[in-house]
>>> print(open('target.cif').read())   # mmCIF, C-alpha atoms and all ligand atoms
data_target
#
loop_
_atom_site.label_atom_id
_atom_site.label_comp_id
_atom_site.auth_asym_id
_atom_site.auth_seq_id
_atom_site.Cartn_x
_atom_site.Cartn_y
_atom_site.Cartn_z
CA MET S 24 8.05 -21.44 9.77
CA LYS S 25 8.55 -24.15 12.33
CA LEU S 26 9.30 -23.38 15.93
CA ASP S 27 11.71 -25.86 17.49
CA VAL S 28 10.48 -26.40 21.06
CA SER S 29 13.01 -29.07 22.05
CA ARG S 30 14.73 -26.79 24.58
CA ALA S 31 11.43 -25.77 26.13
CA LEU S 32 10.36 -29.41 26.40
CA LYS S 33 13.47 -30.12 28.51
CA LEU S 34 12.65 -27.22 30.81
CA PRO S 35 8.89 -27.27 31.47
CA GLY S 36 7.62 -24.12 33.14
CA GLU S 37 10.41 -21.97 31.78
CA SER S 38 9.46 -19.12 29.48
CA PHE S 39 11.30 -18.67 26.17
CA PRO S 40 11.25 -15.53 24.05
CA LEU S 41 10.04 -15.61 20.46
CA ASP S 42 10.31 -12.90 17.81
CA VAL S 43 9.89 -14.17 14.25
CA GLU S 44 8.37 -13.28 10.91
CA GLN S 45 5.77 -15.57 9.40
CA ALA S 46 4.39 -15.28 5.87
CA ILE S 47 0.61 -15.55 5.60
CA ALA S 48 -1.04 -16.85 2.44
CA PRO S 49 -3.82 -14.77 0.87
CA GLN S 50 -7.21 -15.68 2.35
CA MET S 51 -10.65 -15.58 0.77
CA ILE S 52 -12.98 -13.81 3.19
CA SER S 53 -16.64 -13.57 2.10
CA GLY S 54 -15.59 -13.93 -1.52
CA GLU S 55 -12.95 -11.20 -1.31
CA GLU S 56 -9.23 -11.83 -1.39
CA VAL S 57 -7.31 -10.45 1.56
CA ARG S 58 -3.52 -10.32 1.33
CA PHE S 59 -1.14 -9.88 4.22
CA ASP S 60 2.30 -8.44 4.74
CA PRO S 61 4.61 -10.90 6.55
CA ALA S 62 3.38 -11.07 10.13
CA ARG S 63 5.55 -10.50 13.16
CA LEU S 64 5.02 -12.89 16.05
CA LYS S 65 6.50 -11.61 19.28
CA GLY S 66 6.17 -12.88 22.84
CA THR S 67 6.97 -16.02 24.80
CA TYR S 68 6.25 -19.72 24.82
CA MET S 69 6.49 -22.33 27.54
CA ALA S 70 6.25 -26.10 27.73
CA LEU S 71 3.87 -27.49 30.33
CA GLU S 72 4.16 -30.86 32.05
CA GLY S 73 2.90 -33.41 29.55
CA GLY S 74 4.27 -31.57 26.51
CA ASN S 75 1.59 -29.04 25.65
CA ILE S 76 3.03 -25.65 24.71
CA ALA S 77 1.52 -22.41 25.96
CA VAL S 78 2.15 -19.47 23.64
CA ASP S 79 1.62 -15.84 24.62
CA LEU S 80 2.29 -13.77 21.54
CA GLU S 81 1.22 -10.68 19.72
CA LEU S 82 0.71 -10.85 15.97
CA THR S 83 1.13 -7.69 13.94
CA THR S 84 0.71 -7.33 10.20
CA THR S 85 -0.98 -5.19 7.57
CA ALA S 86 -3.92 -6.63 5.65
CA HIS S 87 -4.76 -5.48 2.14
CA ALA S 88 -8.15 -5.74 0.43
CA ARG S 89 -10.64 -3.55 -1.42
CA CYS S 90 -12.71 -0.82 0.12
CA ALA S 91 -16.14 -2.25 1.00
CA ASN S 92 -17.70 0.91 -0.30
CA CYS S 93 -15.89 2.09 -3.43
CA LEU S 94 -13.61 -0.90 -4.19
CA ALA S 95 -10.44 1.21 -4.08
CA PRO S 96 -7.38 -0.47 -2.50
CA ALA S 97 -7.66 -0.42 1.27
CA GLN S 98 -5.52 -1.67 4.10
CA SER S 99 -5.87 -2.31 7.80
CA GLU S 100 -3.35 -2.72 10.58
CA VAL S 101 -3.82 -6.02 12.39
CA ARG S 102 -2.72 -6.41 15.99
CA GLU S 103 -3.99 -9.58 17.61
CA PRO S 104 -3.00 -11.33 20.84
CA ILE S 105 -2.37 -15.06 20.61
CA GLU S 106 -2.83 -16.87 23.91
CA GLU S 107 -3.14 -20.51 22.97
CA LEU S 108 -2.31 -23.98 24.10
CA ILE S 109 -0.66 -26.06 21.40
CA HIS S 110 -1.59 -29.65 22.10
CA LEU S 111 1.04 -32.34 21.78
CA GLY S 112 -0.22 -35.17 19.59
CA GLY S 113 -3.77 -33.90 19.34
CA ASP S 114 -5.97 -34.60 16.34
CA PRO S 115 -4.57 -32.36 13.56
CA ASP S 116 -7.97 -32.38 11.83
CA ASP S 117 -9.67 -30.89 14.86
CA SER S 118 -10.17 -27.27 13.84
CA GLU S 119 -10.98 -26.29 17.43
CA ILE S 120 -7.45 -26.80 18.71
CA PHE S 121 -3.87 -26.28 17.60
CA THR S 122 -1.69 -29.34 17.69
CA TYR S 123 1.86 -30.41 17.06
CA THR S 124 3.84 -33.62 16.96
CA GLY S 125 7.53 -34.25 17.53
CA GLN S 126 9.37 -31.12 18.62
CA GLU S 127 8.28 -28.54 16.08
CA ILE S 128 5.27 -26.26 16.00
CA ASP S 129 4.09 -25.01 12.62
CA LEU S 130 3.51 -21.30 13.15
CA GLU S 131 1.83 -20.79 9.78
CA ARG S 132 -1.63 -22.07 10.70
CA LEU S 133 -1.48 -20.24 14.03
CA ALA S 134 -0.55 -16.95 12.35
CA GLU S 135 -3.17 -17.38 9.61
CA SER S 136 -5.98 -18.08 12.05
CA PHE S 137 -5.25 -15.08 14.24
CA ALA S 138 -4.53 -12.71 11.36
CA VAL S 139 -8.03 -13.48 10.03
CA LEU S 140 -9.47 -12.94 13.52
CA GLY S 141 -7.89 -9.49 13.61
CA LEU S 142 -9.44 -8.29 10.36
CA PRO S 143 -11.87 -5.37 10.45
CA MET S 144 -15.58 -5.95 9.74
CA ARG S 145 -15.18 -3.88 6.57
CA PHE S 146 -12.16 -2.51 4.79
CA LEU S 147 -12.40 1.18 4.02
CA CYS S 148 -10.03 3.14 1.77
CA ARG S 149 -10.27 6.11 4.11
CA GLU S 150 -12.26 7.29 7.07
CA GLY S 151 -15.71 8.49 6.05
CA CYS S 152 -16.04 6.45 2.88
CA SER S 153 -18.68 4.40 4.71
CA GLU S 154 -20.90 7.43 5.03
CA ALA S 155 -21.51 7.63 1.31
CA PRO S 156 -24.23 5.65 -0.48
CA ALA S 157 -22.92 2.32 -1.71
CA TYR S 158 -22.72 2.70 -5.48
CA ASP S 159 -23.74 4.86 -8.34
CA ASP S 160 -24.94 2.30 -10.88
CA ALA S 161 -23.59 4.32 -13.79
CA ASP S 162 -20.05 4.46 -12.45
CA VAL S 163 -19.15 1.74 -9.98
CA ASP S 164 -15.47 2.70 -9.86
CA VAL S 165 -16.06 5.98 -8.13
CA CYS S 166 -17.33 6.27 -4.62
CA LEU S 167 -20.24 8.71 -4.50
CA CYS S 168 -18.60 10.64 -1.71
CA GLN S 169 -15.78 11.54 -4.09
CA LYS S 170 -18.06 12.67 -6.88
CA GLU S 171 -19.25 16.13 -7.56
CA LEU S 172 -22.91 16.40 -6.75
CA PRO S 173 -25.15 18.19 -9.27
CA GLY S 174 -25.06 21.94 -8.83
CA GLN S 175 -22.13 21.86 -6.45
CA ARG S 176 -18.58 22.75 -7.17
CA PRO S 177 -16.06 20.63 -5.23
CA PHE S 178 -14.64 23.32 -2.99
CA ALA S 179 -17.76 25.40 -2.54
CA ALA S 180 -18.70 23.64 0.68
CA LEU S 181 -15.18 23.90 2.05
CA LYS S 182 -14.97 27.56 1.19
CA GLN S 183 -18.22 28.22 2.95
CA LEU S 184 -17.02 26.32 5.99
CA LEU S 185 -13.80 28.34 6.14
CA SER S 186 -15.60 31.64 5.86
CA GLU S 187 -17.99 30.57 8.62
CA GLU S 188 -15.02 29.87 10.83
CA ASP S 189 -13.74 33.35 10.12
CA GLY S 190 -17.08 34.69 11.24
CA GLU S 191 -17.75 36.36 7.91
CA GLU S 192 -21.08 36.43 6.12
CA ARG S 193 -20.96 35.89 2.40
ZN ZN D 1 -13.75 3.86 -0.45
#
>>> encode(input="target.cif", output="structure tokens")
Amino acid sequence: MKLDVSRALKLPGESFPLDVEQAIAPQMISGEEVRFDPARLKGTYMALEGGNIAVDLELTTTAHARCANCLAPAQSEVREPIEELIHLGGDPDDSEIFTYTGQEIDLERLAESFAVLGLPMRFLCREGCSEAPAYDDADVDVCLCQKELPGQRPFAALKQLLSEEDGEER
């Protein structure tokens, strides 16, 4: 969406509240598609003398991708601060800075950039999945940590753990 900053430009130095939803297009990160729920951008913005706009926002969204370990669907909460200067009339091809022209700031690129910044190093379907070996060649769909190991029944270890907690010898 576009943020109309015309009021702020008339009142430099005055802080204006912002609380909007911004859709974020799916992004390819290291060859993997990451999808996002609509992001919430909440905070304030302020025009400075000369027309640059200072934004002080927090972006929150949920990112969806595949577990880095077992490829099951995984998601991650993203919460990322956005403290940026949006430059009036800067070079729009300069990827180092955010720019705008006229009286409207495009929040899409801003939200996209910071949503990607807030992604985890690896998506995991659940805590602990990272502790398992990467893949069993014979069956790539199933994380090894969820598979029954030879000679072990699934609940045997749990049962033993419980009885140890009870202080009983088996
Ligand atoms: Zn997993």
>>> atom_distance(input="target.cif", atom1="atom CA of S:Ser99", atom2="atom CA of S:Asp42")
21.8 Å
>>> residues_near_ligand(input="target.cif", ligand="ligand ZN 1 (chain D)", cutoff="8 Å", atoms="all atoms listed in the file", output="list in words")
Cys90, Ala91, Asn92, Cys93, Leu94, Ala95, Pro96, Ala97, Leu147, Cys148, Arg149, Cys152, Ser153 and Cys166 of chain S
>>> write_last_selection(input="target.cif", atoms="C-alpha atoms", output="mmCIF file, keeping the file's coordinate frame")
data_model
loop_
_atom_site.group_PDB
_atom_site.id
_atom_site.type_symbol
_atom_site.label_atom_id
_atom_site.label_comp_id
_atom_site.auth_asym_id
_atom_site.auth_seq_id
_atom_site.Cartn_x
_atom_site.Cartn_y
_atom_site.Cartn_z
ATOM 1 C CA CYS S 90 -12.710 -0.820 0.120
ATOM 2 C CA ALA S 91 -16.140 -2.250 1.000
ATOM 3 C CA ASN S 92 -17.700 0.910 -0.300
ATOM 4 C CA CYS S 93 -15.890 2.090 -3.430
ATOM 5 C CA LEU S 94 -13.610 -0.900 -4.190
ATOM 6 C CA ALA S 95 -10.440 1.210 -4.080
ATOM 7 C CA PRO S 96 -7.380 -0.470 -2.500
ATOM 8 C CA ALA S 97 -7.660 -0.420 1.270
ATOM 9 C CA LEU S 147 -12.400 1.180 4.020
ATOM 10 C CA CYS S 148 -10.030 3.140 1.770
ATOM 11 C CA ARG S 149 -10.270 6.110 4.110
ATOM 12 C CA CYS S 152 -16.040 6.450 2.880
ATOM 13 C CA SER S 153 -18.680 4.400 4.710
ATOM 14 C CA CYS S 166 -17.330 6.270 -4.620
#
>>> residues_near_point(input="target.cif", point="(-1.7, -8.1, 11.2)", cutoff="7 Å", atoms="all atoms listed in the file", output="ChimeraX atom specification")
/S:62,82-86,100-103,138,141
>>> closest_atom_pairs(input="target.cif", of="stretch 41-96 of chain S", to="stretch 123-136 of chain S", cutoff="8 Å", atoms="only C-alpha atoms", output="Markdown table")
| residue | atom | partner | partner_atom | distance |
| --- | --- | --- | --- | --- |
| S:Gln45 | CA | S:Glu131 | CA | 6.6 |
| S:Ala46 | CA | S:Glu131 | CA | 7.2 |
| S:Ile47 | CA | S:Glu135 | CA | 5.8 |
| S:Ala48 | CA | S:Glu135 | CA | 7.5 |
| S:Ala62 | CA | S:Ala134 | CA | 7.4 |
| S:Leu64 | CA | S:Ala134 | CA | 7.8 |
| S:Leu82 | CA | S:Ala134 | CA | 7.2 |
>>> axis_aligned_box(input="target.cif", around="stretch 35-52 of chain S", padding_each_side="5 Å", output="JSON")
{"center_x": -0.8, "center_y": -20.1, "center_z": 17.0, "size_x": 34.3, "size_y": 24.4, "size_z": 42.4}
>>> closest_residue(input="target.cif", among="S:Lys25, S:Arg145, S:Lys33, S:His110", to="S:Ala77", atoms="only C-alpha atoms")
S:His110
>>> atom_distance(input="target.cif", atom1="atom CA of S:Phe137", atom2="atom CA of S:Ala88")
16.9 Å
>>> atom_distance(input="target.cif", atom1="atom CA of S:Asp117", atom2="atom CA of S:Glu72")
22.1 Å
>>> closest_residue(input="target.cif", among="S:Ser29, S:Leu108, S:Asp60, S:His87", to="S:Ile120", atoms="only C-alpha atoms")
S:Leu108
